[in-house]
Amino acid sequence: MHIKSLIFFTIACISLSCGQLSVNAEDNPTAADTQKAFKKGTMAAEQGSWDVALKYFNEVLQADQFYFPAYFNMGLAHARAGNELAAIAWFKAYLHYVPDAPDRAQVEDEIARLEVALETKMGKIVAQAEEAALALPEKGANEYSSPRQDGVNSVFYNLGRIGDMALAEKYVARHYPNETYAQMNKVKQDYAVALAEAGDCEAALKIAGSLSGEDKDRALDAVVEMMYKKDDLAGLVKVIMEINDTDIYIETMKYILEDLGQAGRADDAVAVYGKIKENLLTRFDALPTLAAVMAEAGRQKEASELIKKEEALVGDIENIRFPRLMRVAQAYAAAADTANARRMTDSIEAVLRGEQKDIVWKYLALLEYQLGNEEKSREYAGKVDADDCKELLLLDMFSDARKKKDLPELEKMLPQLACATSYLRSEVTEQYAYVAWQYFKKGGTAGFERVEKAHQSRQEKDELRPEDFYCALTISALTEGNKDAAAGFFAKLENSLYERGKVLAFRVGQEFTAKRPAAVLEILMAQRARWDQMFFDTWFQNGALRAVKEVQQAGDGKTARAFVDTAAHFAQEKKAERIFGNIADLYDAVGDKKLAAEFRARRRDSSWIELARSFEKGDTANPAAYFEKNKNKEPKDMPFTIVWLAVEYADGLRKIGIKEKE
């Protein structure tokens with residue numbers, strides 16, 4: 001296999017003021033039709049037909065994503081077409097890939113001009129939004145509503161997203177002369193959140209440090225969420241300790257603990273829990289979550305010991321508030337410690353003290369059901385009024401009933417499972433699949449068909465998805481080693497890409513556990529017809545690299561090399577430059593440093609290209625079309641709608657800034 005070396009072009013001096021494009025195209029490595037498209041784009045640009053020029057330059061990049069002269073010309077065409085954000089991104093990408101470009105200083109000057117132009121445009125958009133707000137009536141349909149004030153507020157609350165503090169101060173002084181400090185804190189909070197969401201946690205923390213109260217807590221919460229996405233557990237623990245709002249703190253910690261548990265990271269969950277503030281309510285809110293994580297990891301004994309330590313902090317049970325006692329009972333139940341859960345539950349009703357709400361009855365009903373007291377469970381369940389609580393209770397009871405493995409009883413319970421809320425539909429389907437599989441593996445064809453038909457009857461009415469049903473069945477069959485059954489169920493997922501991916505990822509995991517990496521490569525090779533859809537999934541890429549390494553280490557270099565060459569051929573045939581880096585890693589794994597270097601040189605960092613492309617779509621690319629699309633909005637919605645365009649521009653600039661830091 002041979003990959004043609006990349007030839008870097010010298011960009012001639014280009015007059016940005018008049019928009020002339022002149023590129024030295026000697027030794028052009030692109031195909032004749034690509035060269036022709038490039039010339040057509042240049043000619044269109046020289047005539048000021050920027051949309052036509054962009055069309056041809058895009059054709060060039062579709063043929064050769066790393067033809068760098070087209071980057072420059074994409075930037076210039078976007079600049080002249082009035083799309084500053086895309087222009088800045090393309091120019092930045094050009095300088096990233098051609099760091100020693102002879103016209104670097106000139107391009108940097110143009111980027112600075114575009115940034116000023118975009119900031120000016122954002123200011124004008126805010127002024128336009130303010131004008132729309134002030135045109136609204138001062139009094140609304142009732143004495144409590146003020147369309148004008150709501151419109152002004154919609155502009156105000158987005159100023160922080162833009163990050164223009166100077167403009168914000170002028171705006172606040174004009175509309176909130178007696179509340180400047182409080183309102184500016186709102187602006188800063190939104191700015192900190194925007195920075196965190198863009199990935200700049202350091203800058204967000206600096207802004208948060210100047211805030212107090214709820215404004216500070218919400219800014220810090222956004223930082224914690226981004227740190228968790230970056231897997232910075234030490235950093236997020238340090239930050240979350242500064243959050244004072246109990247509700248924000250509790251919800252964030254529970255989310256982190258649950259997610260760590262789902263990722264199989266029980267040790268990390270325990271470590272994070274150990275850093276939680278020494279406040280009883282917050283600790284006990286997270287305690288049942290942690291207990292479930294540890295129980296699922298097979299660490300029930302450790303969980304029970306931890307809960308006993310927490311219970312000791314409660315004090316005299318007779319004088320304790322109900323929620324704390326309830327959380328200890330929940331935690332014991334989650335850790336499958338029936339004796340201690342029973343002991344705690346027996347004491348709960350005596351200390352209810354007016355706490356009888358749906359969520360309380362739901363938890364009590366479930367605990368009593370788990371502990372075998374069905375009469376008491378029905379009593380508590382009958383007191384639950386809210387539909388979502390009822391649905392969750394039934395699902396939780398069903399999950400517990402599965403331990404008894406009484407199939408006729410479980411089948412009777414299935415129709416009771418409700419899913420008025422969309423997020424419960426897959427949960428309900430999973431229970432149908434569980435019962436169907438239990439019948440199937442016992443040879444109960446009639447039982448399987450009954451459950452399958454019952455699920456089908458609910459698909460239209462309750463929006464249950466057949467894809468979820470057969471995906472769950474396939475994984476159950478694979479788990480128990482029934483490959484023939486798995487193949488039959490899998491065939492029903494022919495057009496369900498996401499579910500097929502879940503199944504294949506599960507199979508890959510099984511083969512790794514069984515120490516059969518060559519079988520992983522067989523699985524992936526068998527899916528070649530779908531590689532254009534699947535090769536971009538992280539599980540596929542990671543599985544392929546790990547399998548190639550392990551097969552190579554086992555001494556089967558021929559099998560490993562055959563897979564890598566096939567993958568490289570696919571990447572080139574599909575012009576899938578975004579996975580060239582993965583192909584380079586695969587060649588490294590089989591010891592071919594030359595081809596690895598060539599693929600890596602071709603890939604470089606196409607995420608710059610993806611970022612630039614993202615600014616060519618949607619509202620930021622064509623503000624005129626944006627306003628045309630929104631012209632029929634209700635007058636009261638217009639201020640928010642208008643200023644949101646400025647927010648989109650500001651977020652785009654932040655993304656470019658974060659990308660440069662990387």
# chains A, B, ... in the order shown; residues from 1 in each chain; ligands from 1

call {"tool": "residues_around", "arguments": {"residues": "A:Val293", "least_positions_apart": "5", "cutoff": "9 Å", "atoms": "only C-alpha atoms", "output": "PyMOL selection string"}}
result
chain A and resi 257-258+260-262+264-266+269+288+298-299+303+334-335

call {"tool": "residues_around", "arguments": {"residues": "A:Lys362", "least_positions_apart": "2", "cutoff": "12 Å", "atoms": "only C-alpha atoms", "output": "MDAnalysis selection string"}}
result
chainID A and resid 326 330 356:360 364:369 376:397

call {"tool": "select_by_dssp", "arguments": {"residues": "stretch 492-530 of chain A", "states": "alpha helix (DSSP H)", "output": "list in words"}}
result
Leu497, Tyr498, Glu499, Arg500, Gly501, Lys502, Val503, Leu504, Ala505, Phe506, Arg507, Val508, Gly509, Gln510, Glu511, Phe512, Thr513, Pro517, Ala518, Ala519, Val520, Leu521, Glu522, Ile523, Leu524, Met525 and Ala526 of chain A

call {"tool": "residues_around", "arguments": {"residues": "A:Leu464", "least_positions_apart": "4", "cutoff": "7 Å", "atoms": "only C-alpha atoms", "output": "JSON, numbers by chain"}}
result
{"A": [425, 429, 458, 459]}

call {"tool": "write_last_selection", "arguments": {"atoms": "N, CA, C and O atoms", "output": "PDB file, in the first residue's frame"}}
result
ATOM      1  N   ARG A 425     -40.238   4.136  28.914  1.00  0.00           N
ATOM      2  CA  ARG A 425     -40.643   3.153  27.896  1.00  0.00           C
ATOM      3  C   ARG A 425     -39.615   2.039  27.710  1.00  0.00           C
ATOM      4  O   ARG A 425     -39.962   0.863  27.598  1.00  0.00           O
ATOM      5  N   THR A 429     -40.089  -2.005  28.361  1.00  0.00           N
ATOM      6  CA  THR A 429     -39.749  -2.970  27.316  1.00  0.00           C
ATOM      7  C   THR A 429     -38.728  -3.988  27.812  1.00  0.00           C
ATOM      8  O   THR A 429     -38.805  -5.181  27.493  1.00  0.00           O
ATOM      9  N   ARG A 458     -48.795  -3.176  22.621  1.00  0.00           N
ATOM     10  CA  ARG A 458     -48.587  -1.911  23.324  1.00  0.00           C
ATOM     11  C   ARG A 458     -47.688  -0.943  22.546  1.00  0.00           C
ATOM     12  O   ARG A 458     -47.501   0.190  22.973  1.00  0.00           O
ATOM     13  N   GLN A 459     -47.147  -1.409  21.421  1.00  0.00           N
ATOM     14  CA  GLN A 459     -46.185  -0.569  20.702  1.00  0.00           C
ATOM     15  C   GLN A 459     -46.808   0.714  20.181  1.00  0.00           C
ATOM     16  O   GLN A 459     -46.217   1.792  20.273  1.00  0.00           O
TER      17      GLN A 459
END
